[in-house]
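Visitor: work_33.tsv is reproduced below (TSV, C-alpha atoms).
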chain	number	residue	atom	x	y	z
A	23	MET	CA	-15.59	-23.27	-10.03
A	24	SER	CA	-14.70	-19.65	-9.33
A	25	ALA	CA	-12.12	-18.18	-11.70
A	26	TYR	CA	-9.10	-16.34	-10.39
A	27	LYS	CA	-8.61	-12.66	-11.10
A	28	LYS	CA	-5.25	-10.88	-10.97
A	29	PHE	CA	-5.30	-7.31	-9.65
A	30	ASP	CA	-2.42	-5.95	-11.72
A	31	GLU	CA	-3.33	-2.32	-11.13
A	32	ILE	CA	-2.82	-2.56	-7.36
A	33	GLN	CA	0.78	-3.26	-6.38
A	34	PHE	CA	2.20	-3.73	-2.93
A	35	ARG	CA	5.87	-2.81	-3.16
A	36	ASP	CA	7.07	-3.94	0.25
A	37	LEU	CA	6.57	-7.56	1.32
A	38	VAL	CA	7.06	-6.88	5.04
A	39	LEU	CA	4.42	-4.13	5.04
A	40	LEU	CA	2.08	-6.30	2.94
A	41	LYS	CA	2.35	-9.13	5.48
A	42	LYS	CA	1.69	-6.71	8.35
A	43	ALA	CA	-1.33	-5.29	6.51
A	44	LEU	CA	-2.71	-8.79	5.95
A	45	GLU	CA	-2.19	-9.57	9.63
A	46	ASP	CA	-4.05	-6.36	10.54
A	47	LEU	CA	-7.02	-7.69	8.58
A	48	GLY	CA	-6.90	-11.02	10.41
A	49	PHE	CA	-4.95	-13.02	7.83
A	50	ALA	CA	-2.09	-14.06	10.05
A	51	VAL	CA	-1.27	-17.49	8.63
A	52	LEU	CA	0.71	-17.02	5.45
A	53	GLU	CA	2.72	-19.39	3.31
A	54	GLU	CA	5.76	-18.14	1.43
A	55	GLY	CA	7.60	-19.81	-1.42
A	56	GLU	CA	8.73	-19.41	-4.99
A	57	THR	CA	6.01	-21.18	-7.00
A	58	LEU	CA	3.26	-22.11	-4.60
A	59	PRO	CA	0.20	-23.71	-6.24
A	60	LEU	CA	-3.23	-22.32	-5.51
A	61	TYR	CA	-6.08	-24.70	-4.62
A	62	GLY	CA	-9.79	-24.21	-5.15
A	63	TYR	CA	-12.41	-24.80	-2.48
A	64	GLN	CA	-12.77	-28.49	-3.47
A	65	GLY	CA	-9.04	-29.06	-3.18
A	66	ASP	CA	-8.49	-28.83	-6.94
A	67	MET	CA	-5.10	-27.46	-7.94
A	68	ARG	CA	-5.38	-24.39	-10.14
A	69	PRO	CA	-2.85	-23.39	-12.80
A	70	GLU	CA	-2.03	-20.12	-11.01
A	71	ARG	CA	1.13	-19.89	-8.91
A	72	ALA	CA	2.06	-17.35	-6.22
A	73	GLN	CA	4.88	-16.36	-3.87
A	74	LEU	CA	2.64	-15.57	-0.89
A	75	VAL	CA	-0.50	-17.58	-0.14
A	76	ILE	CA	-3.32	-17.60	2.39
A	77	ARG	CA	-4.75	-21.10	2.33
A	78	ARG	CA	-8.50	-21.48	1.98
A	79	GLU	CA	-8.90	-23.14	5.40
A	80	HIS	CA	-7.93	-19.78	6.94
A	81	LEU	CA	-10.62	-17.94	4.95
A	82	THR	CA	-14.26	-19.05	4.66
A	83	SER	CA	-15.61	-22.59	4.24
A	84	ALA	CA	-16.23	-22.03	0.52
A	85	SER	CA	-13.11	-19.99	-0.15
A	86	ASN	CA	-10.32	-20.68	-2.59
A	87	ASP	CA	-6.67	-20.00	-1.79
A	88	LEU	CA	-5.71	-16.34	-1.99
A	89	GLY	CA	-2.34	-15.53	-3.49
A	90	PHE	CA	0.11	-12.73	-4.17
A	91	VAL	CA	2.38	-12.84	-7.18
A	92	ARG	CA	5.70	-11.00	-7.22
A	93	THR	CA	6.11	-8.74	-10.25
A	94	ASP	CA	8.77	-6.16	-11.11
A	95	LYS	CA	6.48	-3.44	-9.72
A	96	GLY	CA	5.54	-5.23	-6.49
A	97	TYR	CA	3.18	-7.93	-5.28
A	98	VAL	CA	-0.24	-8.22	-6.91
A	99	ALA	CA	-3.20	-10.14	-5.55
A	100	VAL	CA	-4.66	-13.21	-7.23
A	101	VAL	CA	-8.16	-13.65	-5.85
A	102	SER	CA	-11.05	-15.82	-6.93
A	103	GLU	CA	-14.22	-14.07	-8.07
A	104	TYR	CA	-16.05	-15.72	-5.17
A	105	ASP	CA	-13.63	-14.45	-2.53
A	106	GLU	CA	-13.57	-10.98	-4.03
A	107	ARG	CA	-17.35	-10.88	-3.48
A	108	VAL	CA	-17.35	-12.45	-0.02
A	109	LEU	CA	-14.19	-11.63	1.93
A	110	LEU	CA	-14.36	-8.55	4.20
A	111	ASP	CA	-17.89	-7.79	3.00
A	112	GLY	CA	-16.73	-7.64	-0.60
A	113	LYS	CA	-14.17	-4.95	0.19
A	114	LEU	CA	-11.05	-7.08	0.33
A	115	MET	CA	-8.92	-5.00	-2.03
A	116	SER	CA	-9.86	-1.55	-0.72
A	117	LYS	CA	-9.44	-2.69	2.89
A	118	LEU	CA	-6.11	-4.33	2.13
A	119	ARG	CA	-4.90	-1.23	0.32
A	120	THR	CA	-6.02	0.93	3.25
A	121	ALA	CA	-4.27	-1.34	5.76
A	122	TYR	CA	-1.12	-1.25	3.61
A	123	SER	CA	-1.27	2.55	3.32
A	124	LEU	CA	-1.55	2.80	7.12
A	125	ARG	CA	1.53	0.63	7.46
A	126	VAL	CA	3.36	2.84	4.94
A	127	VAL	CA	2.56	5.92	7.02
A	128	GLU	CA	3.72	4.14	10.18
A	129	HIS	CA	6.97	3.12	8.45
A	130	VAL	CA	7.66	6.65	7.18
A	131	THR	CA	6.90	8.07	10.65
A	132	GLN	CA	9.43	5.71	12.21
A	133	ARG	CA	12.06	6.46	9.56
A	134	LEU	CA	11.71	10.20	10.23
A	135	HIS	CA	11.56	9.70	14.03
A	136	GLY	CA	8.29	11.61	13.89
A	137	THR	CA	5.03	11.65	15.79
A	138	ALA	CA	1.67	10.99	14.18
A	139	ALA	CA	-1.79	12.39	14.93
A	140	ARG	CA	-4.75	10.70	13.27
A	141	THR	CA	-8.25	11.98	12.52
A	142	THR	CA	-11.05	10.73	10.31
A	143	GLU	CA	-13.29	12.83	8.09
A	144	GLY	CA	-15.97	10.77	6.41
A	145	SER	CA	-14.23	8.02	4.49
A	146	VAL	CA	-10.84	9.74	4.64
A	147	ILE	CA	-8.22	9.02	7.29
A	148	LYS	CA	-5.94	12.02	7.83
A	149	ILE	CA	-2.59	11.56	9.53
A	150	LYS	CA	-0.26	14.46	10.35
A	151	VAL	CA	3.32	13.40	10.86
A	152	ARG	CA	5.62	15.93	12.53
A	153	TYR	CA	9.36	15.45	12.61
B	28	MET	CA	9.02	21.49	12.84
B	29	LYS	CA	8.29	19.87	9.49
B	30	GLU	CA	5.10	18.08	8.63
B	31	ILE	CA	3.67	15.55	6.21
B	32	GLN	CA	-0.08	15.29	5.86
B	33	PHE	CA	-1.17	11.88	4.70
B	34	GLU	CA	-4.67	11.15	3.47
B	35	ILE	CA	-5.99	7.64	2.95
B	36	ASP	CA	-9.27	7.24	1.10
B	37	THR	CA	-10.76	4.15	2.73
B	38	ASP	CA	-13.13	3.62	-0.22
B	39	THR	CA	-10.16	2.89	-2.45
B	40	GLY	CA	-7.16	2.69	-0.09
B	41	GLU	CA	-5.36	5.39	-2.09
B	42	LEU	CA	-2.65	7.33	-0.27
B	43	THR	CA	-1.84	11.00	-0.78
B	44	ALA	CA	1.08	12.80	0.88
B	45	HIS	CA	1.33	16.59	1.35
B	46	VAL	CA	4.84	17.56	2.39
B	47	GLN	CA	5.09	20.90	4.20
B	48	GLY	CA	8.08	22.85	5.47
B	49	GLU	CA	10.56	20.86	3.38
B	50	ALA	CA	12.30	22.50	0.49
B	51	GLY	CA	13.71	21.14	-2.74
B	52	ARG	CA	15.82	18.00	-2.34
B	53	SER	CA	14.57	17.04	1.17
B	54	CYS	CA	11.02	17.11	-0.16
B	55	LEU	CA	12.04	14.88	-3.06
B	56	ASP	CA	13.71	12.44	-0.65
B	57	ILE	CA	10.44	12.02	1.24
B	58	HIS	CA	8.60	11.67	-2.05
B	59	ARG	CA	11.05	8.93	-3.02
B	60	LEU	CA	10.63	7.14	0.31
B	61	VAL	CA	6.84	7.04	-0.07
B	62	GLU	CA	7.14	6.04	-3.72
B	63	GLU	CA	9.48	3.16	-2.83
B	64	LEU	CA	6.76	1.72	-0.63
B	65	VAL	CA	3.65	2.58	-2.60
B	66	GLY	CA	4.79	2.90	-6.20
B	67	GLN	CA	4.05	5.47	-8.84
B	68	ALA	CA	0.39	5.48	-7.87
B	69	ALA	CA	1.14	7.50	-4.74
B	70	GLU	CA	0.42	11.16	-5.22
B	71	THR	CA	2.74	13.63	-3.54
B	72	VAL	CA	1.73	17.27	-3.36
B	73	HIS	CA	4.61	19.71	-2.96
B	74	SER	CA	4.29	22.69	-0.64
B	75	ARG	CA	5.09	26.33	-1.42
B	76	GLU	CA	8.52	25.87	0.24
B	77	PHE	CA	9.45	23.28	-2.36
B	78	TYR	CA	8.78	25.63	-5.25
B	79	GLN	CA	10.35	28.61	-3.46
B	80	ARG	CA	13.64	26.76	-3.09
B	81	ILE	CA	13.56	25.51	-6.69
B	82	SER	CA	12.81	29.04	-7.85
B	83	SER	CA	15.63	30.42	-5.70
B	84	GLN	CA	18.08	27.81	-7.06
B	85	GLN	CA	17.08	28.65	-10.61
B	86	GLN	CA	17.62	32.35	-9.98
B	87	THR	CA	21.05	31.64	-8.47
B	88	ARG	CA	22.05	29.68	-11.56
B	89	VAL	CA	20.95	32.51	-13.83
B	90	LYS	CA	23.05	34.99	-11.83
B	91	ARG	CA	26.18	32.87	-12.33
Please lay out the structure from this file as structure tokens.
Guide:
Amino acid sequence: MSAYKKFDEIQFRDLVLLKKALEDLGFAVLEEGETLPLYGYQGDMRPERAQLVIRREHLTSASNDLGFVRTDKGYVAVVSEYDERVLLDGKLMSKLRTAYSLRVVEHVTQRLHGTAARTTEGSVIKIKVRY
Amino acid sequence: MKEIQFEIDTDTGELTAHVQGEAGRSCLDIHRLVEELVGQAAETVHSREFYQRISSQQQTRVKR
């Protein structure tokens, strides 16, 4: 059984942008509720609860449910150790944070009625927004 | 034309915002907007204009 880990240090403040970021990474089927239970890969209910869940059948065959818990600072991910290692080549959190950051930039650009120009230098994406 | 330069480190997903051409309060408003979405972890770097306006406001207050 793979234990769940809560990523308290990474918060996603905006639910709409978080859902868009998840969709960008291919996680389009999401379940929303107040105290949704999380299930392990054998269908065993875990004690953890979440407000946003990607069910394991939408991940890999050996995955556990992936959840997001609402806190006063934003949503934080609850991910099993197995899925942290396996999903998106073991880069789930950095890729999700990148996708979320891109959505933040897009949102700010729209709010300012600006135009964006994007370049990449090594591992850094640079976006100039003019408004 | 005003400009914000965003940088996203894809190794970590961290977002940095450099606001240029905005002075004082307008710059803070943009900072607040980004912070609302990202949280305190977002780093915002103020441009020279920001400090020039603050400095100018401080000088004005001293004159009064």
Visitor: Up to 9 Å from chain B, what residues of chain A turn up? Count only C-alpha atoms and give them as a ChimeraX atom specification.
Guide: /A:32-36,39,95-96,113,115-124,126-127,130,136,145-153
Visitor: CA of Arg92 (chain A) and CA of Pro59 (chain A), how far apart in Å?
Guide: 13.9 Å
Visitor: Step by step, gather every atom of region 126-136 of chain A that the file lists, find the box along x, y and z that holds them, add 3 Å on each side, and finally give centre and edge lengths in Å to one decimal, as AutoDock Vina command-line options.
Guide:
--center_x 7.3 --center_y 7.2 --center_z 9.5 --size_x 15.5 --size_y 14.8 --size_z 15.1
Visitor: Give me, please, the distance in Å between CA of Ser53 (chain B) and CA of Glu128 (chain A), quoted to one decimal.
Guide: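 Separation of CA of Ser53 (chain B) and CA of Glu128 (chain A): 19.1 Å.
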Visitor: Could you tell me how far CA of Tyr63 (chain A) lies from CA of Leu81 (chain A), in Å and to one decimal?
Guide: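 Computing it gives 10.3 Å between the two atoms.
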Visitor: Would you pick out the contacts of Ala84 (chain A) at 10 Å or less, using all atoms listed in the file, so that residues sharing its chain but fewer than 5 positions from it are not included, and give the list as a ChimeraX atom specification?
Guide: /A:62-64,78-79,104-105,108
Visitor: Quick one: residues within 6 Å of Val91 (chain A), all atoms listed in the file counted, chain neighbours fewer than 2 positions away excluded, as a PyMOL selection string?
Guide: chain A and resi 72-73+97-98
Visitor: Using only C-alpha atoms, pick whichever of A:Ile76, A:Val51, A:Ala99, A:Leu134 has the shortest atom-to-atom distance to Phe29 (chain A).
Guide: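 Looking at the shortest contact to Phe29 (chain A), the residue is A:Ala99.
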Visitor: Kindly output region 42-54 of chain B as a tab-separated table (two decimals), in the frame of the given file, after building N, CA and C atoms.
Guide:
chain	number	residue	atom	x	y	z
B	42	LEU	N	-3.42	6.52	-1.21
B	42	LEU	CA	-2.65	7.33	-0.27
B	42	LEU	C	-2.16	8.60	-0.96
B	43	THR	N	-2.36	9.73	-0.29
B	43	THR	CA	-1.84	11.00	-0.78
B	43	THR	C	-0.95	11.60	0.30
B	44	ALA	N	0.17	12.19	-0.10
B	44	ALA	CA	1.08	12.80	0.88
B	44	ALA	C	1.29	14.27	0.53
B	45	HIS	N	1.06	15.16	1.50
B	45	HIS	CA	1.33	16.59	1.35
B	45	HIS	C	2.53	16.90	2.23
B	46	VAL	N	3.63	17.26	1.62
B	46	VAL	CA	4.84	17.56	2.39
B	46	VAL	C	4.92	19.06	2.61
B	47	GLN	N	5.04	19.47	3.88
B	47	GLN	CA	5.09	20.90	4.20
B	47	GLN	C	6.36	21.22	4.98
B	48	GLY	N	6.92	22.39	4.70
B	48	GLY	CA	8.08	22.85	5.47
B	48	GLY	C	9.39	22.28	4.98
B	49	GLU	N	9.34	21.43	3.96
B	49	GLU	CA	10.56	20.86	3.38
B	49	GLU	C	10.78	21.51	2.03
B	50	ALA	N	12.01	21.85	1.76
B	50	ALA	CA	12.30	22.50	0.49
B	50	ALA	C	13.11	21.59	-0.42
B	51	GLY	N	12.90	21.76	-1.71
B	51	GLY	CA	13.71	21.14	-2.74
B	51	GLY	C	14.04	19.68	-2.53
B	52	ARG	N	15.34	19.38	-2.38
B	52	ARG	CA	15.82	18.00	-2.34
B	52	ARG	C	15.24	17.18	-1.18
B	53	SER	N	15.11	17.78	0.02
B	53	SER	CA	14.57	17.04	1.17
B	53	SER	C	13.16	16.58	0.86
B	54	CYS	N	12.40	17.44	0.20
B	54	CYS	CA	11.02	17.11	-0.16
B	54	CYS	C	11.02	15.93	-1.14
